[in-house]
Structures are given as structure tokens and as C-alpha cells.
$ cat model06.pdb   # PDB, N, CA and C atoms
ATOM      1  N   MET A  21     -29.823 -30.270  57.322
ATOM      2  CA  MET A  21     -30.254 -29.331  56.332
ATOM      3  C   MET A  21     -29.277 -28.162  56.231
ATOM      4  N   ALA A  22     -28.682 -27.797  57.362
ATOM      5  CA  ALA A  22     -27.715 -26.707  57.365
ATOM      6  C   ALA A  22     -26.504 -27.078  56.517
ATOM      7  N   SER A  23     -26.113 -28.354  56.558
ATOM      8  CA  SER A  23     -24.964 -28.768  55.761
ATOM      9  C   SER A  23     -25.312 -28.741  54.277
ATOM     10  N   GLN A  24     -26.582 -29.015  53.956
ATOM     11  CA  GLN A  24     -27.019 -28.940  52.567
ATOM     12  C   GLN A  24     -26.968 -27.494  52.081
ATOM     13  N   THR A  25     -27.422 -26.577  52.907
ATOM     14  CA  THR A  25     -27.390 -25.163  52.554
ATOM     15  C   THR A  25     -25.946 -24.704  52.399
ATOM     16  N   GLN A  26     -25.106 -25.170  53.318
ATOM     17  CA  GLN A  26     -23.690 -24.800  53.241
ATOM     18  C   GLN A  26     -23.080 -25.382  51.962
ATOM     19  N   GLY A  27     -23.416 -26.594  51.613
ATOM     20  CA  GLY A  27     -22.918 -27.216  50.377
ATOM     21  C   GLY A  27     -23.396 -26.461  49.144
ATOM     22  N   ILE A  28     -24.650 -26.038  49.159
ATOM     23  CA  ILE A  28     -25.202 -25.266  48.041
ATOM     24  C   ILE A  28     -24.488 -23.928  47.937
ATOM     25  N   GLN A  29     -24.244 -23.297  49.096
ATOM     26  CA  GLN A  29     -23.536 -22.014  49.109
ATOM     27  C   GLN A  29     -22.131 -22.184  48.532
ATOM     28  N   GLN A  30     -21.461 -23.275  48.901
ATOM     29  CA  GLN A  30     -20.118 -23.538  48.375
ATOM     30  C   GLN A  30     -20.172 -23.752  46.864
ATOM     31  N   LEU A  31     -21.148 -24.492  46.399
ATOM     32  CA  LEU A  31     -21.297 -24.716  44.961
ATOM     33  C   LEU A  31     -21.579 -23.412  44.220
ATOM     34  N   LEU A  32     -22.429 -22.580  44.777
ATOM     35  CA  LEU A  32     -22.724 -21.286  44.155
ATOM     36  C   LEU A  32     -21.484 -20.399  44.116
ATOM     37  N   ALA A  33     -20.725 -20.408  45.227
ATOM     38  CA  ALA A  33     -19.494 -19.614  45.275
ATOM     39  C   ALA A  33     -18.490 -20.146  44.255
ATOM     40  N   ALA A  34     -18.372 -21.470  44.156
ATOM     41  CA  ALA A  34     -17.452 -22.067  43.183
ATOM     42  C   ALA A  34     -17.890 -21.729  41.761
ATOM     43  N   GLU A  35     -19.180 -21.768  41.509
ATOM     44  CA  GLU A  35     -19.704 -21.431  40.186
ATOM     45  C   GLU A  35     -19.418 -19.969  39.854
ATOM     46  N   LYS A  36     -19.556 -19.102  40.855
ATOM     47  CA  LYS A  36     -19.286 -17.675  40.652
ATOM     48  C   LYS A  36     -17.812 -17.452  40.327
ATOM     49  N   ARG A  37     -16.917 -18.135  41.091
ATOM     50  CA  ARG A  37     -15.474 -18.003  40.829
ATOM     51  C   ARG A  37     -15.133 -18.527  39.432
ATOM     52  N   ALA A  38     -15.744 -19.634  39.061
ATOM     53  CA  ALA A  38     -15.501 -20.200  37.730
ATOM     54  C   ALA A  38     -15.964 -19.232  36.642
ATOM     55  N   ALA A  39     -17.117 -18.629  36.832
ATOM     56  CA  ALA A  39     -17.635 -17.665  35.860
ATOM     57  C   ALA A  39     -16.708 -16.456  35.758
ATOM     58  N   GLU A  40     -16.171 -16.009  36.901
ATOM     59  CA  GLU A  40     -15.237 -14.877  36.891
ATOM     60  C   GLU A  40     -13.961 -15.244  36.147
ATOM     61  N   LYS A  41     -13.462 -16.473  36.382
ATOM     62  CA  LYS A  41     -12.247 -16.911  35.689
ATOM     63  C   LYS A  41     -12.485 -17.003  34.184
ATOM     64  N   VAL A  42     -13.634 -17.519  33.798
ATOM     65  CA  VAL A  42     -13.966 -17.616  32.374
ATOM     66  C   VAL A  42     -14.063 -16.219  31.764
ATOM     67  N   ALA A  43     -14.706 -15.295  32.463
ATOM     68  CA  ALA A  43     -14.840 -13.925  31.967
ATOM     69  C   ALA A  43     -13.468 -13.271  31.825
ATOM     70  N   GLU A  44     -12.599 -13.474  32.816
ATOM     71  CA  GLU A  44     -11.243 -12.911  32.751
ATOM     72  C   GLU A  44     -10.463 -13.531  31.598
ATOM     73  N   ALA A  45     -10.614 -14.831  31.406
ATOM     74  CA  ALA A  45      -9.931 -15.499  30.291
ATOM     75  C   ALA A  45     -10.412 -14.943  28.948
ATOM     76  N   ARG A  46     -11.703 -14.678  28.836
ATOM     77  CA  ARG A  46     -12.242 -14.097  27.599
ATOM     78  C   ARG A  46     -11.680 -12.697  27.360
ATOM     79  N   LYS A  47     -11.556 -11.926  28.448
ATOM     80  CA  LYS A  47     -10.991 -10.580  28.322
ATOM     81  C   LYS A  47      -9.535 -10.657  27.864
ATOM     82  N   ARG A  48      -8.768 -11.589  28.471
ATOM     83  CA  ARG A  48      -7.364 -11.751  28.072
ATOM     84  C   ARG A  48      -7.261 -12.150  26.601
ATOM     85  N   LYS A  49      -8.123 -13.059  26.196
ATOM     86  CA  LYS A  49      -8.122 -13.505  24.804
ATOM     87  C   LYS A  49      -8.444 -12.340  23.869
ATOM     88  N   ALA A  50      -9.427 -11.543  24.236
ATOM     89  CA  ALA A  50      -9.801 -10.384  23.416
ATOM     90  C   ALA A  50      -8.642  -9.396  23.321
ATOM     91  N   ARG A  51      -7.938  -9.174  24.456
ATOM     92  CA  ARG A  51      -6.782  -8.266  24.444
ATOM     93  C   ARG A  51      -5.674  -8.816  23.550
ATOM     94  N   ARG A  52      -5.420 -10.131  23.653
ATOM     95  CA  ARG A  52      -4.380 -10.741  22.820
ATOM     96  C   ARG A  52      -4.734 -10.643  21.335
ATOM     97  N   LEU A  53      -5.999 -10.882  21.023
ATOM     98  CA  LEU A  53      -6.429 -10.772  19.624
ATOM     99  C   LEU A  53      -6.278  -9.342  19.105
ATOM    100  N   LYS A  54      -6.660  -8.385  19.930
ATOM    101  CA  LYS A  54      -6.536  -6.981  19.539
ATOM    102  C   LYS A  54      -5.068  -6.619  19.326
ATOM    103  N   GLN A  55      -4.210  -7.059  20.250
ATOM    104  CA  GLN A  55      -2.783  -6.779  20.130
ATOM    105  C   GLN A  55      -2.214  -7.444  18.876
ATOM    106  N   ALA A  56      -2.604  -8.691  18.618
ATOM    107  CA  ALA A  56      -2.118  -9.393  17.427
ATOM    108  C   ALA A  56      -2.565  -8.676  16.156
ATOM    109  N   LYS A  57      -3.799  -8.192  16.158
ATOM    110  CA  LYS A  57      -4.310  -7.465  14.997
ATOM    111  C   LYS A  57      -3.516  -6.182  14.770
ATOM    112  N   GLU A  58      -3.243  -5.445  15.847
ATOM    113  CA  GLU A  58      -2.473  -4.206  15.729
ATOM    114  C   GLU A  58      -1.065  -4.495  15.225
ATOM    115  N   GLU A  59      -0.441  -5.550  15.755
ATOM    116  CA  GLU A  59       0.902  -5.907  15.307
ATOM    117  C   GLU A  59       0.893  -6.306  13.836
ATOM    118  N   ALA A  60      -0.133  -7.033  13.424
ATOM    119  CA  ALA A  60      -0.241  -7.431  12.020
ATOM    120  C   ALA A  60      -0.426  -6.205  11.126
ATOM    121  N   GLN A  61      -1.246  -5.254  11.565
ATOM    122  CA  GLN A  61      -1.451  -4.028  10.786
ATOM    123  C   GLN A  61      -0.138  -3.250  10.652
ATOM    124  N   ASP A  62       0.619  -3.166  11.752
ATOM    125  CA  ASP A  62       1.909  -2.484  11.709
ATOM    126  C   ASP A  62       2.850  -3.175  10.728
ATOM    127  N   GLU A  63       2.878  -4.489  10.792
ATOM    128  CA  GLU A  63       3.756  -5.248   9.902
ATOM    129  C   GLU A  63       3.338  -5.064   8.443
ATOM    130  N   ILE A  64       2.049  -5.070   8.191
ATOM    131  CA  ILE A  64       1.549  -4.857   6.831
ATOM    132  C   ILE A  64       1.940  -3.470   6.338
ATOM    133  N   GLU A  65       1.794  -2.474   7.185
ATOM    134  CA  GLU A  65       2.139  -1.097   6.800
ATOM    135  C   GLU A  65       3.630  -0.974   6.506
ATOM    136  N   LYS A  66       4.473  -1.592   7.344
ATOM    137  CA  LYS A  66       5.920  -1.554   7.100
ATOM    138  C   LYS A  66       6.258  -2.232   5.781
ATOM    139  N   TYR A  67       5.624  -3.370   5.514
ATOM    140  CA  TYR A  67       5.866  -4.096   4.270
ATOM    141  C   TYR A  67       5.431  -3.251   3.074
ATOM    142  N   ARG A  68       4.258  -2.617   3.189
ATOM    143  CA  ARG A  68       3.762  -1.779   2.101
ATOM    144  C   ARG A  68       4.722  -0.621   1.815
ATOM    145  N   GLN A  69       5.216   0.007   2.883
ATOM    146  CA  GLN A  69       6.151   1.115   2.716
ATOM    147  C   GLN A  69       7.453   0.647   2.073
ATOM    148  N   GLU A  70       7.935  -0.518   2.483
ATOM    149  CA  GLU A  70       9.166  -1.063   1.908
ATOM    150  C   GLU A  70       8.977  -1.360   0.424
ATOM    151  N   ARG A  71       7.858  -1.966   0.061
ATOM    152  CA  ARG A  71       7.599  -2.272  -1.349
ATOM    153  C   ARG A  71       7.442  -0.982  -2.161
ATOM    154  N   GLU A  72       6.815   0.019  -1.586
ATOM    155  CA  GLU A  72       6.668   1.311  -2.259
ATOM    156  C   GLU A  72       8.043   1.935  -2.494
ATOM    157  N   ARG A  73       8.902   1.857  -1.487
ATOM    158  CA  ARG A  73      10.258   2.387  -1.627
ATOM    159  C   ARG A  73      11.011   1.640  -2.726
ATOM    160  N   GLN A  74      10.903   0.312  -2.739
ATOM    161  CA  GLN A  74      11.578  -0.486  -3.761
ATOM    162  C   GLN A  74      11.055  -0.144  -5.155
ATOM    163  N   PHE A  75       9.746   0.055  -5.263
ATOM    164  CA  PHE A  75       9.173   0.397  -6.558
ATOM    165  C   PHE A  75       9.692   1.747  -7.046
ATOM    166  N   LYS A  76       9.703   2.724  -6.147
ATOM    167  CA  LYS A  76      10.196   4.049  -6.543
ATOM    168  C   LYS A  76      11.665   3.976  -6.959
ATOM    169  N   GLU A  77      12.444   3.186  -6.228
ATOM    170  CA  GLU A  77      13.854   3.004  -6.565
ATOM    171  C   GLU A  77      13.983   2.360  -7.949
ATOM    172  N   PHE A  78      13.201   1.328  -8.205
ATOM    173  CA  PHE A  78      13.212   0.648  -9.499
ATOM    174  C   PHE A  78      12.799   1.606 -10.608
ATOM    175  N   GLU A  79      11.737   2.354 -10.348
ATOM    176  CA  GLU A  79      11.224   3.298 -11.337
ATOM    177  C   GLU A  79      12.282   4.350 -11.675
ATOM    178  N   THR A  80      12.929   4.878 -10.655
ATOM    179  CA  THR A  80      13.956   5.889 -10.875
ATOM    180  C   THR A  80      15.135   5.300 -11.636
ATOM    181  N   LYS A  81      15.517   4.086 -11.278
ATOM    182  CA  LYS A  81      16.666   3.437 -11.915
ATOM    183  C   LYS A  81      16.395   3.149 -13.386
ATOM    184  N   HIS A  82      15.197   2.681 -13.702
ATOM    185  CA  HIS A  82      14.917   2.256 -15.064
ATOM    186  C   HIS A  82      14.273   3.322 -15.942
ATOM    187  N   MET A  83      13.581   4.250 -15.345
ATOM    188  CA  MET A  83      12.912   5.270 -16.147
ATOM    189  C   MET A  83      13.460   6.664 -15.895
ATOM    190  N   GLY A  84      14.113   6.860 -14.807
ATOM    191  CA  GLY A  84      14.534   8.201 -14.437
ATOM    192  C   GLY A  84      13.385   8.912 -13.756
ATOM    193  N   SER A  85      13.644  10.109 -13.353
ATOM    194  CA  SER A  85      12.578  10.855 -12.687
ATOM    195  C   SER A  85      11.591  11.373 -13.727
ATOM    196  N   LYS A  86      10.458  11.855 -13.280
ATOM    197  CA  LYS A  86       9.441  12.372 -14.202
ATOM    198  C   LYS A  86       9.982  13.566 -14.980
ATOM    199  N   GLU A  87      10.797  14.357 -14.320
ATOM    200  CA  GLU A  87      11.372  15.523 -14.989
ATOM    201  C   GLU A  87      12.317  15.080 -16.100
ATOM    202  N   ASP A  88      13.108  14.009 -15.829
ATOM    203  CA  ASP A  88      14.017  13.495 -16.853
ATOM    204  C   ASP A  88      13.239  12.975 -18.055
ATOM    205  N   VAL A  89      12.171  12.245 -17.784
ATOM    206  CA  VAL A  89      11.346  11.700 -18.865
ATOM    207  C   VAL A  89      10.735  12.839 -19.671
ATOM    208  N   ALA A  90      10.217  13.839 -18.994
ATOM    209  CA  ALA A  90       9.617  14.983 -19.685
ATOM    210  C   ALA A  90      10.665  15.711 -20.523
ATOM    211  N   ALA A  91      11.859  15.862 -19.990
ATOM    212  CA  ALA A  91      12.932  16.540 -20.725
ATOM    213  C   ALA A  91      13.324  15.734 -21.961
ATOM    214  N   ARG A  92      13.405  14.407 -21.825
ATOM    215  CA  ARG A  92      13.751  13.565 -22.982
ATOM    216  C   ARG A  92      12.672  13.653 -24.054
ATOM    217  N   ILE A  93      11.422  13.625 -23.634
ATOM    218  CA  ILE A  93      10.318  13.726 -24.602
ATOM    219  C   ILE A  93      10.368  15.077 -25.313
ATOM    220  N   GLU A  94      10.603  16.117 -24.549
ATOM    221  CA  GLU A  94      10.692  17.466 -25.124
ATOM    222  C   GLU A  94      11.836  17.549 -26.135
ATOM    223  N   ALA A  95      12.992  16.996 -25.781
ATOM    224  CA  ALA A  95      14.149  17.023 -26.681
ATOM    225  C   ALA A  95      13.867  16.210 -27.946
ATOM    226  N   ASP A  96      13.294  15.023 -27.794
ATOM    227  CA  ASP A  96      12.969  14.195 -28.961
ATOM    228  C   ASP A  96      11.969  14.904 -29.867
ATOM    229  N   THR A  97      10.979  15.539 -29.273
ATOM    230  CA  THR A  97       9.972  16.259 -30.047
ATOM    231  C   THR A  97      10.608  17.396 -30.830
ATOM    232  N   LYS A  98      11.499  18.130 -30.190
ATOM    233  CA  LYS A  98      12.170  19.249 -30.861
ATOM    234  C   LYS A  98      13.004  18.752 -32.035
ATOM    235  N   VAL A  99      13.727  17.644 -31.825
ATOM    236  CA  VAL A  99      14.548  17.084 -32.908
ATOM    237  C   VAL A  99      13.661  16.681 -34.085
ATOM    238  N   LYS A 100      12.562  16.016 -33.813
ATOM    239  CA  LYS A 100      11.676  15.565 -34.894
ATOM    240  C   LYS A 100      11.035  16.746 -35.621
ATOM    241  N   ILE A 101      10.658  17.767 -34.874
ATOM    242  CA  ILE A 101      10.081  18.961 -35.512
ATOM    243  C   ILE A 101      11.122  19.627 -36.399
ATOM    244  N   ASP A 102      12.363  19.713 -35.924
ATOM    245  CA  ASP A 102      13.439  20.302 -36.734
ATOM    246  C   ASP A 102      13.663  19.493 -38.009
ATOM    247  N   GLU A 103      13.648  18.148 -37.877
ATOM    248  CA  GLU A 103      13.831  17.296 -39.058
ATOM    249  C   GLU A 103      12.702  17.518 -40.063
ATOM    250  N   MET A 104      11.469  17.612 -39.558
ATOM    251  CA  MET A 104      10.331  17.846 -40.447
ATOM    252  C   MET A 104      10.434  19.208 -41.121
ATOM    253  N   GLN A 105      10.861  20.197 -40.378
ATOM    254  CA  GLN A 105      10.997  21.547 -40.936
ATOM    255  C   GLN A 105      12.051  21.557 -42.040
ATOM    256  N   LYS A 106      13.159  20.844 -41.817
ATOM    257  CA  LYS A 106      14.203  20.757 -42.855
ATOM    258  C   LYS A 106      13.665  20.047 -44.094
ATOM    259  N   ALA A 107      12.885  18.969 -43.872
ATOM    260  CA  ALA A 107      12.318  18.233 -45.008
ATOM    261  C   ALA A 107      11.352  19.124 -45.786
ATOM    262  N   VAL A 108      10.546  19.909 -45.085
ATOM    263  CA  VAL A 108       9.612  20.824 -45.746
ATOM    264  C   VAL A 108      10.386  21.847 -46.556
ATOM    265  N   ASN A 109      11.402  22.432 -45.955
ATOM    266  CA  ASN A 109      12.188  23.446 -46.664
ATOM    267  C   ASN A 109      12.883  22.849 -47.884
ATOM    268  N   THR A 110      13.340  21.602 -47.758
ATOM    269  CA  THR A 110      14.052  20.964 -48.865
ATOM    270  C   THR A 110      13.099  20.654 -50.017
ATOM    271  N   HIS A 111      11.913  20.173 -49.715
ATOM    272  CA  HIS A 111      11.002  19.716 -50.763
ATOM    273  C   HIS A 111       9.907  20.720 -51.120
ATOM    274  N   LYS A 112       9.888  21.842 -50.475
ATOM    275  CA  LYS A 112       8.825  22.824 -50.688
ATOM    276  C   LYS A 112       8.802  23.299 -52.142
ATOM    277  N   GLU A 113       9.940  23.606 -52.671
ATOM    278  CA  GLU A 113      10.039  24.137 -54.028
ATOM    279  C   GLU A 113       9.536  23.114 -55.046
ATOM    280  N   ALA A 114       9.940  21.855 -54.856
ATOM    281  CA  ALA A 114       9.536  20.810 -55.809
ATOM    282  C   ALA A 114       8.033  20.560 -55.740
ATOM    283  N   VAL A 115       7.466  20.548 -54.571
ATOM    284  CA  VAL A 115       6.028  20.308 -54.413
ATOM    285  C   VAL A 115       5.231  21.465 -54.999
ATOM    286  N   CYS A 116       5.672  22.674 -54.748
ATOM    287  CA  CYS A 116       4.957  23.845 -55.268
ATOM    288  C   CYS A 116       4.962  23.845 -56.795
ATOM    289  N   THR A 117       6.082  23.487 -57.408
ATOM    290  CA  THR A 117       6.150  23.460 -58.869
ATOM    291  C   THR A 117       5.280  22.347 -59.429
ATOM    292  N   THR A 118       5.204  21.226 -58.734
ATOM    293  CA  THR A 118       4.384  20.110 -59.214
ATOM    294  C   THR A 118       2.910  20.482 -59.195
ATOM    295  N   PHE A 119       2.462  21.130 -58.154
ATOM    296  CA  PHE A 119       1.044  21.465 -58.042
ATOM    297  C   PHE A 119       0.649  22.690 -58.865
ATOM    298  N   PHE A 120       1.564  23.594 -59.085
ATOM    299  CA  PHE A 120       1.201  24.824 -59.790
ATOM    300  C   PHE A 120       1.868  24.803 -61.103
TER
END
$ encode --input "model06.pdb" --output "C-alpha cells"
Amino acid sequence: MASQTQGIQQLLAAEKRAAEKVAEARKRKARRLKQAKEEAQDEIEKYRQERERQFKEFETKHMGSKEDVAARIEADTKVKIDEMQKAVNTHKEAVCTTFF
């Protein structure tokens, strides 16, 4: 009977060691998953920043800066207003005589 008790004790000890190994393996797996997730997030952030930089470069190359665009719009508006003012001054006399 003592050998049976000793055998049971050995089985219980082996089961305990196995459970500890399984628990440690689960912890390692969780750490690896967490590390992989962090690395993936870092990689995603780097990619996002690179694409943002490329977009800004493209935007600047093809459209110019916002100040340049605003300046061009302002200049175009001034030219068109001047053209309209000249047209009004040129045709004002004829229109006034036609209506009055």
C-alpha cells in the first residue's frame, strides 16, 4: 500500500509539474502575442507616417502650399475684377443712353 501511495504522490507531483509547464507556456505565448501586437502597431504607425509624408510631398508638388494657392486665387480674383471694372467703364455710357 505504501508503494501505491508513493506512486500516487509521484503522479500528483508529475501532474503539478505538467500544469506549471502548461501555465508557463501560456504566459510565454501571451507575452509573444503582446510583443507581436506592439510591433505590428509600430509598423502600422511608421507606414501611416510615411504615407502622410508622401501625400504632403505630392500635394506640395502638384498644388503648392496653401499660401501659394490662396495667393493665386487672390491674384486671379483681382484680375477678373479689374476686367469687369474696365468692361463697366467701357459700356456704361452706352447702357445709360439706352435705358434713359
$ atom_distance --input "model06.pdb" --atom1 "atom CA of A:Ala90" --atom2 "atom CA of A:Gln105"
22.3 Å
$ atom_distance --input "model06.pdb" --atom1 "atom C of A:Lys100" --atom2 "atom CA of A:Val115"
19.8 Å
$ atom_distance --input "model06.pdb" --atom1 "atom CA of A:Ala50" --atom2 "atom CA of A:Ile64"
20.8 Å
